[in-house]
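These notes are about the structure you will find just below.
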Amino acid sequence: MFMKGKKGVILGIANKRSIAYGIAKACREQGAELAITYLNEKFQRKLEPIAQELGCENRLYPCDVTKPEEIIALKEALEKDFGKIDFFVHSIAFAPKEGLSGRFVNISKEAFRVAMEISVYSFIELAQKLKPILSENSSILTLSYYGGVKYIPNYNLMGIAKAALEMSVRYLAEDLGKDGVRVNAISAGPIKTLAAAGIGDFNFMLKWNAAHAPLKKNVTIEEVGNSGMYLLSDLSSGVTGEIHYVDAGFHIMGMPAVTFDENGKPTIAWNGE
Ligand code: NAP
C-alpha cells in the first residue's frame, strides 16, 4: 500500500472518464484518504456516487477555482477533516471555444485571460492557499499536454496555457522545495474526456497518436492514474519539477516511422483511416 497514511484532495473529476478519476482510484487502491471537489451544484449530485466509491462521501466540496473564497473554504474544510494534507491534484483546464479551433491569430484578449486564469493561475493559487496545510513531505501534481511544447492542430490557446503551466511547475518546484513540497506534472497522451471533446478534430488526434506512438496505442486513465499515484507517493521522493510523459512514447518521435513496400519505395506506417 504505497499511499497508506497519505491524505489529499483531488480537483477535476467531472465523471468516470476524467483523468482525475483515474488518479483518485489508483491513490485509493493504494490506501490514500481522499477529498474531492465539484465545480458547482449542477455537478454535485453527479459526483455523490463517485465520492461514495472513493470512500469520501463526507468530503465532497465545492471549488470553482475562479472564486478565491471557495479555495479558502476548501482549505478550511480540509484542515478540519485532516489537519495537514500530503498531496493535491490539479486536473483542471478550460479555454473558450474560440481558442480551440480556427485561426490562432484571431484569439481575443478575454479568451486568453480566461484560459490562463482557469488552466494556469489556479494551480499557483491552490499551492499558495493550501500551503499552510501541506505537510513537510508533500507532493502536488498537475496535468499537461504535448501541445504546450510543440504545435498541435487546434490545440491553439490551450498550448499557450500548458507552456505556462509547465514553467509554473518548475518555478513552484524550486520555491516550495525548501518546505518539503514536491511539484510535478504528467503530460498525458490524448484521452477521450469531456474537456477533450472541446478540441477540434480530437478523434483524428487519437488516431494519429495511436498510429505513431512507439507503443502503437493510446493511453488510458488507469495508466495515467498509476503514474500519478507514483508521483504523489514516496516512491518518487527524489523527483520534483518534472514533466513526466504518459503518452505511449509519442513525444520521442521526431518523424513517423518509415517502412518500404515491395518495390523498395518508402511508405509511412500510418494505419489511420
Ligand atoms: P475532464 O474530465 O473534463 O476534466 C476537466 C475538469 O476541469 C472538469 O472536472 C471541470 O469541471 C474542471 N473545471 C473546469 N473549469 C473549472 C473551474 N473554473 N473550477 C474548477 N474546476 C473546473 O477532462 P480531462 O481530460 O480529465 O482533463 C483534466 C486535465 O488533463 C486538464 O488539465 C487537461 O488539459 C489535461 N489533459 C487532458 C488530456 C486529454 O486528452 N483528455 C491530455 C493531456 C492533458 P466540470 O466538468 O464540472 O466543468
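So you can find residues: chains in the C-alpha cells are A, B, ... in the order shown, residues in each start at 1, and ligands are numbered from 1 in order.
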Next on the checklist: With only C-alpha atoms as the counted atoms, please give the residues lying no more than 9 Å from Ser101 in chain A, apart from itself and same-chain residues fewer than 3 positions off, as a VMD selection string.
Outcome noted: chain A and resid 97 to 98 104 153 to 157 199 to 201
Using N, CA and C atoms, can you export the residues from the last selection as a PDB file, in the first residue's frame?
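Heads up, here's the output in part_34.pdb:
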```
ATOM      1  N   LYS A  97     -14.326  28.292 -26.475  1.00  0.00           N
ATOM      2  CA  LYS A  97     -14.322  27.525 -27.735  1.00  0.00           C
ATOM      3  C   LYS A  97     -13.507  28.199 -28.845  1.00  0.00           C
ATOM      4  N   GLU A  98     -13.572  29.533 -28.901  1.00  0.00           N
ATOM      5  CA  GLU A  98     -12.843  30.251 -29.965  1.00  0.00           C
ATOM      6  C   GLU A  98     -11.331  29.985 -29.912  1.00  0.00           C
ATOM      7  N   PHE A 104      -5.307  30.928 -35.089  1.00  0.00           N
ATOM      8  CA  PHE A 104      -4.723  31.287 -33.787  1.00  0.00           C
ATOM      9  C   PHE A 104      -4.590  32.803 -33.646  1.00  0.00           C
ATOM     10  N   PRO A 153      -2.419  20.712 -34.124  1.00  0.00           N
ATOM     11  CA  PRO A 153      -3.561  21.374 -34.754  1.00  0.00           C
ATOM     12  C   PRO A 153      -4.716  21.588 -33.780  1.00  0.00           C
ATOM     13  N   ASN A 154      -5.290  22.765 -33.773  1.00  0.00           N
ATOM     14  CA  ASN A 154      -6.472  23.153 -32.979  1.00  0.00           C
ATOM     15  C   ASN A 154      -6.229  23.304 -31.476  1.00  0.00           C
ATOM     16  N   TYR A 155      -5.097  22.856 -30.969  1.00  0.00           N
ATOM     17  CA  TYR A 155      -4.876  22.966 -29.514  1.00  0.00           C
ATOM     18  C   TYR A 155      -4.671  24.439 -29.129  1.00  0.00           C
ATOM     19  N   ASN A 156      -4.224  25.200 -30.090  1.00  0.00           N
ATOM     20  CA  ASN A 156      -4.120  26.670 -30.064  1.00  0.00           C
ATOM     21  C   ASN A 156      -3.900  27.293 -28.682  1.00  0.00           C
ATOM     22  N   LEU A 157      -4.932  27.925 -28.143  1.00  0.00           N
ATOM     23  CA  LEU A 157      -4.789  28.683 -26.897  1.00  0.00           C
ATOM     24  C   LEU A 157      -4.382  27.793 -25.723  1.00  0.00           C
ATOM     25  N   ILE A 199     -11.951  20.092 -28.199  1.00  0.00           N
ATOM     26  CA  ILE A 199     -10.827  20.368 -29.111  1.00  0.00           C
ATOM     27  C   ILE A 199     -11.189  19.915 -30.523  1.00  0.00           C
ATOM     28  N   GLY A 200     -11.013  20.790 -31.500  1.00  0.00           N
ATOM     29  CA  GLY A 200     -11.364  20.483 -32.893  1.00  0.00           C
ATOM     30  C   GLY A 200     -10.629  19.239 -33.388  1.00  0.00           C
ATOM     31  N   ASP A 201     -11.325  18.364 -34.132  1.00  0.00           N
ATOM     32  CA  ASP A 201     -10.739  17.160 -34.745  1.00  0.00           C
ATOM     33  C   ASP A 201     -10.023  16.259 -33.727  1.00  0.00           C
TER      34      ASP A 201
END
```
Next on the checklist: Neighbouring residues of ligand 1 are defined here as those with any atom at most 6 Å from a ligand atom, counting only C-alpha atoms and all ligand atoms; list them as a ChimeraX atom specification.
Outcome noted: /A:12-14,18-20,38-39,43,63-66,91-94,118,143-145,187-196
Checklist entry - Between A:Leu215, A:Met253, A:Leu74, A:Leu232, which one has atoms that come closest to Ala32 in chain A, using only C-alpha atoms? => result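 Answer, going by the shortest atom-to-atom distance: A:Leu232.
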Checklist entry - Using the chain letters and numbers from this document, which residues of range 52-167 of chain A does DSSP assign to strand (DSSP E), as a VMD selection string? => result chain A and resid 60 to 62 85 to 90 134 to 144
Checklist entry - Among range 9-249 of chain A, which ones does DSSP place in helix (DSSP H, G or I), written as a ChimeraX atom specification? => result /A:19-29,41-53,68-82,97-99,104-106,109-133,146-148,156-177,196-198,202-212,221-232,234-236
Next on the checklist: I want to know what sits within 12 Å of Asn226 in chain A, based on only C-alpha atoms, with residues of the same chain fewer than 5 positions away left out; could you give that as an NGL selection string?
Outcome noted: :A and (2-3 or 19-30 or 186 or 219-221 or 231-233 or 235 or 246)
Item to check | Residue neighbourhood Gly238 in chain A, 12 Å, only C-alpha atoms, exclusion window fewer than 6 positions, as a VMD selection string | outcome: chain A and resid 137 to 139 177 180 to 184 230 to 232
Take the residues that were just selected and, keeping N, CA and C atoms, output them as a PDB file, in the first residue's frame.
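Contents of selection_14.pdb, as written:
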```
ATOM      1  N   ASN A 137       6.318  16.694   3.897  1.00  0.00           N
ATOM      2  CA  ASN A 137       6.725  15.695   2.914  1.00  0.00           C
ATOM      3  C   ASN A 137       5.543  15.513   1.977  1.00  0.00           C
ATOM      4  N   SER A 138       5.277  16.574   1.184  1.00  0.00           N
ATOM      5  CA  SER A 138       4.064  16.501   0.366  1.00  0.00           C
ATOM      6  C   SER A 138       4.390  16.612  -1.115  1.00  0.00           C
ATOM      7  N   SER A 139       3.379  16.310  -1.915  1.00  0.00           N
ATOM      8  CA  SER A 139       3.576  16.257  -3.364  1.00  0.00           C
ATOM      9  C   SER A 139       2.336  16.826  -4.047  1.00  0.00           C
ATOM     10  N   GLY A 177      10.420  23.637  -2.738  1.00  0.00           N
ATOM     11  CA  GLY A 177      11.310  22.526  -2.385  1.00  0.00           C
ATOM     12  C   GLY A 177      11.864  22.673  -0.976  1.00  0.00           C
ATOM     13  N   GLY A 180       9.750  21.240   1.637  1.00  0.00           N
ATOM     14  CA  GLY A 180       9.456  19.798   1.563  1.00  0.00           C
ATOM     15  C   GLY A 180       8.287  19.467   0.651  1.00  0.00           C
ATOM     16  N   VAL A 181       7.944  20.413  -0.245  1.00  0.00           N
ATOM     17  CA  VAL A 181       6.822  20.170  -1.164  1.00  0.00           C
ATOM     18  C   VAL A 181       7.378  19.874  -2.558  1.00  0.00           C
ATOM     19  N   ARG A 182       7.047  18.713  -3.100  1.00  0.00           N
ATOM     20  CA  ARG A 182       7.445  18.378  -4.476  1.00  0.00           C
ATOM     21  C   ARG A 182       6.332  18.783  -5.447  1.00  0.00           C
ATOM     22  N   VAL A 183       6.742  19.225  -6.642  1.00  0.00           N
ATOM     23  CA  VAL A 183       5.777  19.742  -7.626  1.00  0.00           C
ATOM     24  C   VAL A 183       6.083  19.102  -8.980  1.00  0.00           C
ATOM     25  N   ASN A 184       5.117  18.373  -9.542  1.00  0.00           N
ATOM     26  CA  ASN A 184       5.344  17.703 -10.822  1.00  0.00           C
ATOM     27  C   ASN A 184       4.109  17.790 -11.711  1.00  0.00           C
ATOM     28  N   TYR A 230       2.263   7.248  -8.360  1.00  0.00           N
ATOM     29  CA  TYR A 230       3.720   7.183  -8.130  1.00  0.00           C
ATOM     30  C   TYR A 230       4.271   8.578  -7.789  1.00  0.00           C
ATOM     31  N   LEU A 231       3.830   9.595  -8.544  1.00  0.00           N
ATOM     32  CA  LEU A 231       4.364  10.948  -8.298  1.00  0.00           C
ATOM     33  C   LEU A 231       3.846  11.545  -6.986  1.00  0.00           C
ATOM     34  N   LEU A 232       2.697  11.053  -6.495  1.00  0.00           N
ATOM     35  CA  LEU A 232       2.154  11.570  -5.232  1.00  0.00           C
ATOM     36  C   LEU A 232       2.684  10.797  -4.027  1.00  0.00           C
TER      37      LEU A 232
END
```
Checklist entry - A:Glu166, A:Asp234, A:Glu76, A:Asp261: which is nearest Val120 in chain A, counting only C-alpha atoms? => result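 Among the listed residues, A:Glu166 lies closest to Val120 in chain A.
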Next on the checklist: What's around Ser135 in chain A at 12 Å? Count only C-alpha atoms, leave out sequence neighbours fewer than 2 positions away in its own chain, and write the answer as a PyMOL selection string.
Outcome noted: chain A and resi 6-8+79+82-88+130-133+137-140+176+179-182
